[in-house]
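Student: Okay, here's the structure, questions in a sec.
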Protein chains: 2
Amino acid sequence: MANNNLLTRINVSPDSDFSIHNIPFGVYTDNEVDHHACSAIGEYIIDLFELESADMLNMNRSVFQEQYLNSFIELGKPETNRVRMKLIEILTDENSELNTNKDFFNKVFKKQSDVKMLMPVRIGDYTDFYSSIDHATNVGTMFRDPANALLPNWKHLPVGYHGRSSSICVSGHSFHRPKGQQKPADAEMPVFGASKLLDIELETAFIIGKKTEMGDHVTTEHAQDHIFGMVLFNDWSARDIQTWEYVPLGPFLAKNFASTMSPWIVTLEALAPFRVKGYDQIPKLLPYLEYTGEKNIDINLNVFLKPQNGKENLICSSNYKYMYYTMEQQLAHHTVNGCNINVGDLMASGTISGPEPHQFGSMLELTWKGTKPLKLSDGTERKFVNDNDTIIIKGFCEKEGKRIGFGECTATLLPAK
Amino acid sequence: MANNNLLTRINVSPDSDFSIHNIPFGVYTDNEVDHHACSAIGEYIIDLFELESADMLNMNRSVFQEQYLNSFIELGKPETNRVRMKLIEILTDENSELNTNKDFFNKVFKKQSDVKMLMPVRIGDYTDFYSSIDHATNVGTMFRDPANALLPNWKHLPVGYHGRSSSICVSGHSFHRPKGQQKPADAEMPVFGASKLLDIELETAFIIGKKTEMGDHVTTEHAQDHIFGMVLFNDWSARDIQTWEYVPLGPFLAKNFASTMSPWIVTLEALAPFRVKGYDQIPKLLPYLEYTGEKNIDINLNVFLKPQNGKENLICSSNYKYMYYTMEQQLAHHTVNGCNINVGDLMASGTISGPEPHQFGSMLELTWKGTKPLKLSDGTERKFVNDNDTIIIKGFCEKEGKRIGFGECTATLLPAK
């Protein structure tokens, strides 16, 4: 083997999501392994359980053999950050045993294409916010009143609601088009059948890394201590079911049939260099929602639609920086009433739209309620998602030669059962 | 010891919730035991782990030593029903070793007043329905239009939404009055502070006993195979927070600060003799919501308010039979889109009001938005719940000399932190 460090040997591509600046966490399986915690570098996963078999992380390695990362995350940021920094040290160490022992290298480093990524966390509660002002404005304009698109509460608090944890799947799954009640505008009675207006929602989500007790409040200042990291998220939505059911208690069957998340949790520490300023928040918020510093994040978010046996069509290019409310504000709001949070809880952003039409994060907005169909490269059109279409969300940050990304958040819509 | 069966010896009071016809399941702790599964008879709990130490239930007893009943419930109804019937057999057996061996008796039977009941299940997802027509009509009358109190979808589907699992507590807890944003009608901007309109919601809930996979649908006919049993439930609600936040995505911080459930899961089999016919459902429902037979249940539900150091005041006498939608319909609706369910999921009824004013299941309705305060026995009045008030829900079925009940669902509201 060449006498240089692992990073040189692994030869991370400049456009890889998994540079040395990332070092995310996930869980994988393959023919040999039921479930081991892992990180990623370039095209490889790094098996943390096998790495620790040589005592290289100074851990109780059983935590890396569990089905989910929850126990690892519960060790706390000082410990999980130490592991992340240790991995960077190992990857850049010219004298690492990994560099000289081929068998050990092959145990620890596996091609991502040879393994299957699993759900990284056991999700407790799942909350979805509605924090993109461009999205909320678009929806309000289409369904209510362009002059009063935002409801009165929207600029005073990050509107949110509880969603269904059981049907959140890791990237790579497929699911059937949901059936349910809809009420066509011209019908007197509701009808039952497969949803005709099956939509995507481009979102991100953050994973809770530190629990609280009932009655506790997490301030905007301390919120990041409770956020382990972020994933990409697709909050699939059946618009025709939603329109009929959602009054007065919110979306239910329109959303709980499936959601998709990316398998790699990118830590808040890896994202820190990409923090930027967000929209000005006017009118002034109540003190518990105020914050200081740059708390938005510049994450490029792209959505691709791939017809069966077809090519990927880029249908949306948005950015997390367009969020009106930050994660810190969302968490401060969520807990201001004493609601307790647990490690593994997932809190999603809500659809992330930017101000320009190509930045809209749902088909509803991209096609403006189906009135402006999207033209695909194969000559077909889409108002909403068709059977056997695959939706792929990708996300990455790039700045001053540093690039980190999330991998893919992918799922395929099968025909109704 | 007397030569008769345990039941005679235990001397179950005629007004006990825990007659031989009940045999519910729960989990307890005391000075000696961290957590053992148990049943109840009269004033006693029955320690199932200790009982099985004498091989009396033909089980792998480790399932009774877990923190929650989930693994026991996952064994399936044939097995859990067998255990329930075996317990009845043991209690009525004149030759039981329990009747002759005092030490064994004392290991297995403990006074309920000497133990502390724990959360019986690890709840996965929590869903709350809105299925009482009298409640929905009252709310619609107060907040919208008496002539059109029910929204257009209400009589076509059991409206439901997802709630927060993390803050569901077992009976006997206390919690602090939540704080949050409210917008007084005469104010231009929202204000922040402790909720002034803290309310109860008299509910029951059912616990899922058999999982499904994504894409599966549970029919009304097979729904009861998936329902392990029922509990009492108090869905605490901050009305002032709710009014401001709930548009357009439903209740969030107004409800997720605390919910209370009773510790004993009364099996669907124990409740079977008390099934009755419900309201006529007109207009006719879509076929997937139709059902045959008597699917409501005659469960007397009483709510008591006990001021600090005061007496219990009966403030509501409702009944589960007033539900418009049955549990079977709720579950069929919940899964018709392919939403998967897991053992331990909790699905609550929504506030259960009857047609008469003393049957209303919330303070909002009982005091008609605070315009008709309740007079308590100590001379004080209540528009909503005061600090240090304790709310106690009790529920029981009674028919032809058989009585079964749920025990208590109790919690105390502490002042805001």
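To be explicit about the labels: the chains of the structure tokens are called A, B, and onward in the order shown, and within each one the residues are counted from 1, while ligands get numbers from 1 in the order they are shown.
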Write out as a list of chain:residue names the residues lying within 12 Å of Arg382 (chain B), counting only C-alpha atoms and excluding same-chain residues fewer than 4 positions away.
Tutor: B:Lys196, B:Leu197, B:Leu198, B:Asp199, B:Leu305, B:Lys306, B:Pro307, B:Asn313, B:Ile315, B:Met363, B:Leu364, B:Leu366, B:Thr367, B:Trp368, B:Lys369, B:Gly370, B:Thr371, B:Lys372, B:Pro373, B:Leu374, B:Lys375, B:Leu376, B:Ser377, B:Asp378, B:Asn386, B:Asp387, B:Asp389
Student: Considering only C-alpha atoms, extract the chain B residues located within 6 Å of chain A and return them as a compact mmCIF listing (two decimals) with C-alpha atoms, in the first residue's frame.
Tutor:
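Written file, result.txt:
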```txt
# COMPACT_ATOMS: atom_id res chain seq x y z
CA TYR B 161 -55.60 14.01 13.58
CA HIS B 162 -52.26 12.97 14.99
CA GLY B 163 -51.28 13.90 18.53
CA PRO B 178 -48.88 25.44 29.91
CA LYS B 179 -47.72 28.79 28.63
CA GLY B 180 -48.02 29.96 25.08
CA LEU B 249 -53.12 22.60 10.35
CA GLY B 250 -54.94 21.70 13.55
CA PHE B 252 -50.56 21.57 18.35
CA ASN B 256 -49.30 18.34 23.40
CA PHE B 257 -48.28 19.51 26.89
CA ASN B 337 -55.12 4.76 2.68
CA GLY B 338 -52.62 2.06 3.63
CA CYS B 339 -51.38 3.75 6.81
```
Student: What does the distance from CA of Asp134 (chain B) to CA of Lys284 (chain B) come to in Å, to one decimal?
Tutor: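 If I compute the distance from CA of Asp134 (chain B) to CA of Lys284 (chain B), I get 18.8 Å.
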Student: One number please: CA of Met59 (chain B) to CA of Asp47 (chain B), in Å, one decimal.
Tutor: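 That distance, rounded to one decimal, is 13.7 Å.
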Student: When DSSP is applied to the backbone of this structure, which of region 182-341 of chain B are assigned helix (DSSP H, G or I)? Write them out as a VMD selection string.
Tutor: chain B and resid 223 to 226 239 to 245 268 to 274 287 to 289 320 to 322 327 to 335
Student: With only C-alpha atoms as the basis for distance, which of B:Thr204, B:Gln242, B:Gln67, B:Asn388 is at the shortest distance from Ile297 (chain B)?
Tutor: B:Thr204
Student: Would you pick out the contacts of Asp235 (chain A) at 7 Å or less, using only C-alpha atoms, so that residues sharing its chain but fewer than 3 positions from it are not included, and give the list as a ChimeraX atom specification?
Tutor: /A:200-201,255,259-260
Student: Please write the residues from the selection above to a file, keeping N, CA, C and O atoms, as a JSON list (two decimals), in the first residue's frame.
Tutor:
```json
[["chain", "number", "residue", "atom", "x", "y", "z"],
["A", 200, "ILE", "N", -45.60, 15.71, -3.91],
["A", 200, "ILE", "CA", -44.40, 15.66, -3.07],
["A", 200, "ILE", "C", -44.36, 16.91, -2.20],
["A", 200, "ILE", "O", -45.05, 17.90, -2.49],
["A", 201, "GLU", "N", -43.57, 16.86, -1.15],
["A", 201, "GLU", "CA", -43.20, 18.09, -0.44],
["A", 201, "GLU", "C", -41.72, 18.03, -0.14],
["A", 201, "GLU", "O", -41.26, 17.15, 0.60],
["A", 255, "LYS", "N", -51.62, 12.47, 4.41],
["A", 255, "LYS", "CA", -50.17, 12.48, 4.59],
["A", 255, "LYS", "C", -49.63, 11.25, 5.30],
["A", 255, "LYS", "O", -48.44, 10.94, 5.17],
["A", 259, "SER", "N", -43.97, 8.71, 4.23],
["A", 259, "SER", "CA", -43.01, 9.81, 4.15],
["A", 259, "SER", "C", -41.65, 9.16, 3.94],
["A", 259, "SER", "O", -41.43, 8.02, 4.34],
["A", 260, "THR", "N", -40.74, 9.90, 3.31],
["A", 260, "THR", "CA", -39.43, 9.33, 2.99],
["A", 260, "THR", "C", -38.33, 10.19, 3.59],
["A", 260, "THR", "O", -38.39, 11.42, 3.48]]
```
Student: Using only C-alpha atoms, can you tell me which of A:Glu97, A:Glu365, A:Glu79, A:Glu381 comes closest to Leu202 (chain A)?
Tutor: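 Of all the options, A:Glu365 lies closest to Leu202 (chain A).
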Student: Considering only C-alpha atoms, return as a VMD selection string whatever protein or nucleic-acid residues lie within 10 Å of region 325-327 of chain A, sequence-local ones (same chain, fewer than 4 positions apart) excluded.
Tutor: chain A and resid 129 to 133 155 157 to 159 205 to 206 220 223 to 224 227 278 to 281 289 291 294 to 297 320 to 321 331 to 333 347 to 349
Student: Those residues with N, CA, C and O atoms, as a short mmCIF file (atom, residue, chain, number, x, y, z; two decimals), in the first residue's frame please?
Tutor:
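And here's selection01.cif as it stands now:
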```cif
data_model
loop_
_atom_site.label_atom_id
_atom_site.label_comp_id
_atom_site.auth_asym_id
_atom_site.auth_seq_id
_atom_site.Cartn_x
_atom_site.Cartn_y
_atom_site.Cartn_z
N PHE A 129 -43.55 21.14 10.46
CA PHE A 129 -43.82 22.57 10.51
C PHE A 129 -44.28 23.07 9.14
O PHE A 129 -44.49 22.27 8.21
N TYR A 130 -44.44 24.35 9.03
CA TYR A 130 -45.03 24.99 7.84
C TYR A 130 -44.35 26.34 7.74
O TYR A 130 -45.00 27.36 7.75
N SER A 131 -43.01 26.29 7.67
CA SER A 131 -42.21 27.47 7.98
C SER A 131 -41.59 28.18 6.79
O SER A 131 -40.78 29.07 6.95
N SER A 132 -41.97 27.78 5.57
CA SER A 132 -41.47 28.51 4.39
C SER A 132 -42.50 29.54 3.98
O SER A 132 -43.64 29.21 3.65
N ILE A 133 -42.10 30.80 4.01
CA ILE A 133 -43.05 31.87 3.72
C ILE A 133 -43.48 31.85 2.26
O ILE A 133 -44.64 32.17 1.94
N LYS A 155 -47.11 34.88 10.80
CA LYS A 155 -45.89 35.66 11.06
C LYS A 155 -45.60 35.83 12.55
O LYS A 155 -44.66 36.54 12.93
N LEU A 157 -45.85 32.91 14.77
CA LEU A 157 -45.39 31.63 15.32
C LEU A 157 -45.16 30.64 14.18
O LEU A 157 -45.81 30.71 13.13
N PRO A 158 -44.21 29.70 14.38
CA PRO A 158 -44.01 28.66 13.37
C PRO A 158 -45.13 27.62 13.49
O PRO A 158 -45.11 26.77 14.39
N VAL A 159 -46.11 27.73 12.60
CA VAL A 159 -47.24 26.79 12.62
C VAL A 159 -46.70 25.36 12.45
O VAL A 159 -45.82 25.12 11.62
N ALA A 205 -35.49 17.70 7.70
CA ALA A 205 -35.97 17.44 9.05
C ALA A 205 -34.77 17.40 9.98
O ALA A 205 -33.66 17.08 9.55
N PHE A 206 -35.00 17.73 11.24
CA PHE A 206 -33.91 17.56 12.21
C PHE A 206 -34.29 16.51 13.25
O PHE A 206 -35.46 16.28 13.53
N THR A 220 -34.25 29.44 22.24
CA THR A 220 -33.59 29.49 20.92
C THR A 220 -32.07 29.41 21.10
O THR A 220 -31.37 28.82 20.29
N ALA A 223 -31.20 25.71 21.75
CA ALA A 223 -31.84 24.71 20.90
C ALA A 223 -30.83 23.79 20.22
O ALA A 223 -31.05 22.59 20.10
N GLN A 224 -29.69 24.36 19.78
CA GLN A 224 -28.78 23.51 19.02
C GLN A 224 -28.15 22.41 19.86
O GLN A 224 -27.71 21.40 19.32
N ILE A 227 -30.30 19.42 19.05
CA ILE A 227 -30.46 18.99 17.65
C ILE A 227 -29.21 18.20 17.24
O ILE A 227 -28.12 18.74 17.18
N GLY A 278 -31.21 34.70 7.50
CA GLY A 278 -32.49 34.39 6.86
C GLY A 278 -33.28 35.64 6.54
O GLY A 278 -32.77 36.77 6.61
N TYR A 279 -34.53 35.43 6.16
CA TYR A 279 -35.44 36.54 5.92
C TYR A 279 -35.55 37.41 7.17
O TYR A 279 -35.48 36.91 8.29
N ASP A 280 -35.75 38.70 6.99
CA ASP A 280 -36.08 39.55 8.14
C ASP A 280 -37.44 39.13 8.67
O ASP A 280 -38.35 38.84 7.89
N GLN A 281 -37.57 39.10 9.97
CA GLN A 281 -38.84 38.67 10.57
C GLN A 281 -39.58 39.90 11.11
O GLN A 281 -39.27 40.40 12.18
N LEU A 289 -39.24 33.75 20.89
CA LEU A 289 -38.88 33.33 19.53
C LEU A 289 -37.72 34.14 18.95
O LEU A 289 -37.27 33.86 17.84
N TYR A 291 -33.94 35.47 18.31
CA TYR A 291 -32.63 34.82 18.34
C TYR A 291 -31.58 35.77 17.80
O TYR A 291 -31.90 36.78 17.17
N GLU A 294 -26.52 34.17 12.78
CA GLU A 294 -26.98 33.63 11.51
C GLU A 294 -27.44 32.20 11.75
O GLU A 294 -26.63 31.32 12.03
N LYS A 295 -28.73 31.95 11.63
CA LYS A 295 -29.25 30.64 11.99
C LYS A 295 -29.89 29.90 10.83
O LYS A 295 -30.32 28.77 10.98
N ASN A 296 -30.04 30.55 9.68
CA ASN A 296 -30.45 29.76 8.51
C ASN A 296 -29.23 28.99 8.00
O ASN A 296 -28.11 29.20 8.46
N ILE A 297 -29.44 28.11 7.05
CA ILE A 297 -28.32 27.34 6.50
C ILE A 297 -28.47 27.32 4.98
O ILE A 297 -29.58 27.14 4.46
N TYR A 320 -32.56 25.66 1.58
CA TYR A 320 -33.03 25.74 2.96
C TYR A 320 -32.93 27.16 3.52
O TYR A 320 -33.62 27.51 4.48
N LYS A 321 -32.13 28.00 2.88
CA LYS A 321 -31.96 29.37 3.40
C LYS A 321 -33.25 30.19 3.27
O LYS A 321 -33.38 31.25 3.88
N LEU A 331 -37.99 24.69 17.57
CA LEU A 331 -37.85 23.89 18.79
C LEU A 331 -38.24 24.71 20.03
O LEU A 331 -38.87 24.18 20.96
N ALA A 332 -37.89 25.99 20.02
CA ALA A 332 -38.30 26.85 21.15
C ALA A 332 -39.81 26.95 21.22
O ALA A 332 -40.41 26.90 22.31
N HIS A 333 -40.45 27.07 20.07
CA HIS A 333 -41.90 27.14 20.06
C HIS A 333 -42.50 25.81 20.52
O HIS A 333 -43.42 25.77 21.35
N MET A 347 -38.37 16.37 13.46
CA MET A 347 -39.13 17.61 13.24
C MET A 347 -38.82 18.13 11.84
O MET A 347 -37.68 18.52 11.56
N ALA A 348 -39.84 18.13 11.00
CA ALA A 348 -39.65 18.48 9.60
C ALA A 348 -39.99 19.94 9.36
O ALA A 348 -40.78 20.55 10.09
N SER A 349 -39.38 20.47 8.31
CA SER A 349 -39.42 21.91 8.04
C SER A 349 -40.75 22.41 7.51
O SER A 349 -41.13 23.56 7.69
#
```
Student: Give me the residues near region 100-115 of chain B as a list in words, where near means some atom within 6 Å (using only C-alpha atoms) and where sequence neighbours in that chain fewer than 6 positions away do not count.
Tutor: Thr29, Asp30, Glu43, Tyr44, Ile45, Ile46, Asp47, Glu50 and Leu51 of chain B
Student: Just N, CA and C atoms for this one: save the residues we selected as a short mmCIF file (atom, residue, chain, number, x, y, z; two decimals), in the first residue's frame.
Tutor:
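The result, written out as part05.cif:
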```cif
data_model
loop_
_atom_site.label_atom_id
_atom_site.label_comp_id
_atom_site.auth_asym_id
_atom_site.auth_seq_id
_atom_site.Cartn_x
_atom_site.Cartn_y
_atom_site.Cartn_z
N THR B 29 -45.47 -1.33 39.80
CA THR B 29 -44.19 -1.32 40.50
C THR B 29 -44.47 -1.17 42.00
N ASP B 30 -43.55 -1.67 42.82
CA ASP B 30 -43.59 -1.36 44.26
C ASP B 30 -42.15 -1.47 44.77
N GLU B 43 -59.87 -5.56 45.21
CA GLU B 43 -58.90 -4.54 45.66
C GLU B 43 -57.45 -4.94 45.39
N TYR B 44 -57.26 -6.07 44.73
CA TYR B 44 -55.91 -6.60 44.53
C TYR B 44 -55.43 -6.46 43.09
N ILE B 45 -54.12 -6.40 42.95
CA ILE B 45 -53.51 -6.70 41.65
C ILE B 45 -53.06 -8.16 41.70
N ILE B 46 -52.97 -8.77 40.53
CA ILE B 46 -52.47 -10.14 40.40
C ILE B 46 -51.15 -10.08 39.64
N ASP B 47 -50.05 -10.40 40.30
CA ASP B 47 -48.74 -10.32 39.66
C ASP B 47 -48.56 -11.52 38.72
N GLU B 50 -45.14 -13.48 38.96
CA GLU B 50 -45.05 -14.37 40.12
C GLU B 50 -45.98 -15.57 39.95
N LEU B 51 -47.13 -15.32 39.37
CA LEU B 51 -48.07 -16.42 39.13
C LEU B 51 -47.43 -17.45 38.21
#
```
Student: Which one of A:Leu75, A:Cys409, A:Val276, A:Ile20 sits closest to Lys210 (chain A) if you count only C-alpha atoms?
Tutor: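 Closest candidate: A:Leu75.
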